[in-house]
Amino acid sequence: MDKKKPKKVFVQGAIPPEKIANSVANHQSKTNIGAHSIFLGQIRADEVDGKTVTAIDYTAYEEMAEKVFHEIREAAFVKFDITCAHIYHSLGKVNVGELCLFVFTSSAHRKIAIKATNFFVEEIKAKVPVFGKEIFEDETHQWKVNG
Amino acid sequence: MKVTIKYFGLVAEAAEKSEEVLELNGELTALELKAQCLESLAIADKESVQIAVNQNLNDTITLKDGDEVALLPPFAGG
């Protein structure tokens with residue numbers, strides 16, 4: 001496995017739904033896998049003071065973010081008996097209804113894959129220096145904060 | 001000594017810049033530099049701004065020449 005190699009996580013703009021299907025297809029030759037677990041983050045049309053979010057514009061401290069993504073991967077491979085793990089996160093503008101985060105883990109058994117995916121999502125939200133500007137329909141904005 | 005300051009998200013917006021190089025005189029911790037950089041900025045919750053020195057979160061470290069200091073507002077990934 002190539003689990004030690006740092007991987008490119010950021011993609012410009014929304015993550016196309018086709019990427020999920022392609023990722024699944026790419027793992028069908030790995031017959032030691034018995035379960036995939038997938039998390040997809042989608043931009044929600046939140047309403048704040050009567051205004052509706054239409055998009056989030058993501059920026060990041062990219063060098064540090066890539067390093068932290070790598071550390072999270074390393075920790076996940078130590079903690080869970082997973083076969084592989086893939087993370088993709090958007091940069092730039094992603095409209096409501098589009099995908100901004102794709103976490104994909106595979107294992108021999110479902111419970112491990114599900115736990116690993118959950119670990120990735122929580123770690124990413126807490127530790128990766130990504131910033132989100134929520135843009136409203138009138139072009140005003142507010143800064144998103146992870147709860 | 002010179003340090004590079006990087007601003008992100010709402011901090012970059014308030015500072016109206018994303019990066020600058022500052023010439024510092026004497027010893028300064030990351031936290032002291034943060035206070036100095038944010039002093040004149042209209043940021044409601046300055047406590048929530050974290051500091052990374054050379055890409056590691058750390059506010060107690062004493063800065064040295066060539067350091068890269070990043071001022072990071074709350075994370076919003078995912």
# chains A, B, ... in the order shown; residues from 1 in each chain; ligands from 1
call {"tool": "residues_around", "arguments": {"residues": "Val145 (chain A)", "least_positions_apart": "5", "cutoff": "10 Å", "atoms": "only C-alpha atoms", "output": "list in words"}}
result
Lys125, Phe131, Gly132, Lys133 and Glu134 of chain A; Pro73, Pro74, Phe75, Ala76 and Gly77 of chain B
call {"tool": "select_by_dssp", "arguments": {"residues": "chain A", "states": "alpha helix (DSSP H)", "output": "PyMOL selection string"}}
result
chain A and resi 17-26+62-79+110-127
call {"tool": "closest_residue", "arguments": {"among": "B:Thr60, B:Ser18, B:Gln36, B:Asn25", "to": "chain A", "atoms": "only C-alpha atoms"}}
result
B:Ser18
call {"tool": "closest_residue", "arguments": {"among": "B:Leu71, B:Leu38, B:Ile61, B:Gly26", "to": "chain A", "atoms": "only C-alpha atoms"}}
result
B:Leu71
call {"tool": "atom_distance", "arguments": {"atom1": "CA of Leu28 (chain B)", "atom2": "CA of Val68 (chain A)"}}
result
26.2 Å
call {"tool": "closest_atom_pairs", "arguments": {"of": "chain A", "to": "chain B", "cutoff": "7 Å", "atoms": "only C-alpha atoms", "output": "tab-separated table"}}
result
residue	atom	partner	partner_atom	distance
A:Gly41	CA	B:Gly78	CA	5.9
A:Met64	CA	B:Gln55	CA	5.1
A:Cys100	CA	B:Gly78	CA	6.4
A:Leu101	CA	B:Gly78	CA	5.3
A:Ile124	CA	B:Gly77	CA	6.7
A:Lys125	CA	B:Gly77	CA	5.2
A:Ala126	CA	B:Phe75	CA	6.9
A:Val128	CA	B:Phe75	CA	6.8
A:Pro129	CA	B:Phe75	CA	5.5
A:Val130	CA	B:Gly77	CA	5.0
A:Phe131	CA	B:Ala76	CA	4.9
A:Gly132	CA	B:Ala76	CA	5.5
A:Trp143	CA	B:Leu10	CA	6.8
A:Lys144	CA	B:Ala76	CA	5.8
A:Val145	CA	B:Ala76	CA	5.1
A:Asn146	CA	B:Ala76	CA	4.9
call {"tool": "write_last_selection", "arguments": {"atoms": "C-alpha atoms", "output": "compact mmCIF listing (two decimals), in the first residue's frame"}}
result
# COMPACT_ATOMS: atom_id res chain seq x y z
CA GLY A 41 -19.98 17.06 2.86
CA MET A 64 0.09 23.50 6.84
CA CYS A 100 -16.94 20.12 -0.60
CA LEU A 101 -15.55 17.10 1.28
CA ILE A 124 -10.38 17.34 9.54
CA LYS A 125 -13.01 19.65 10.97
CA ALA A 126 -11.05 20.24 14.17
CA VAL A 128 -7.08 21.49 9.36
CA PRO A 129 -6.60 25.22 8.71
CA VAL A 130 -9.37 25.70 6.17
CA PHE A 131 -11.53 28.82 6.21
CA GLY A 132 -15.00 29.26 4.75
CA TRP A 143 -17.25 33.55 8.15
CA LYS A 144 -18.18 29.96 8.89
CA VAL A 145 -17.06 28.39 12.18
CA ASN A 146 -17.11 24.64 12.79
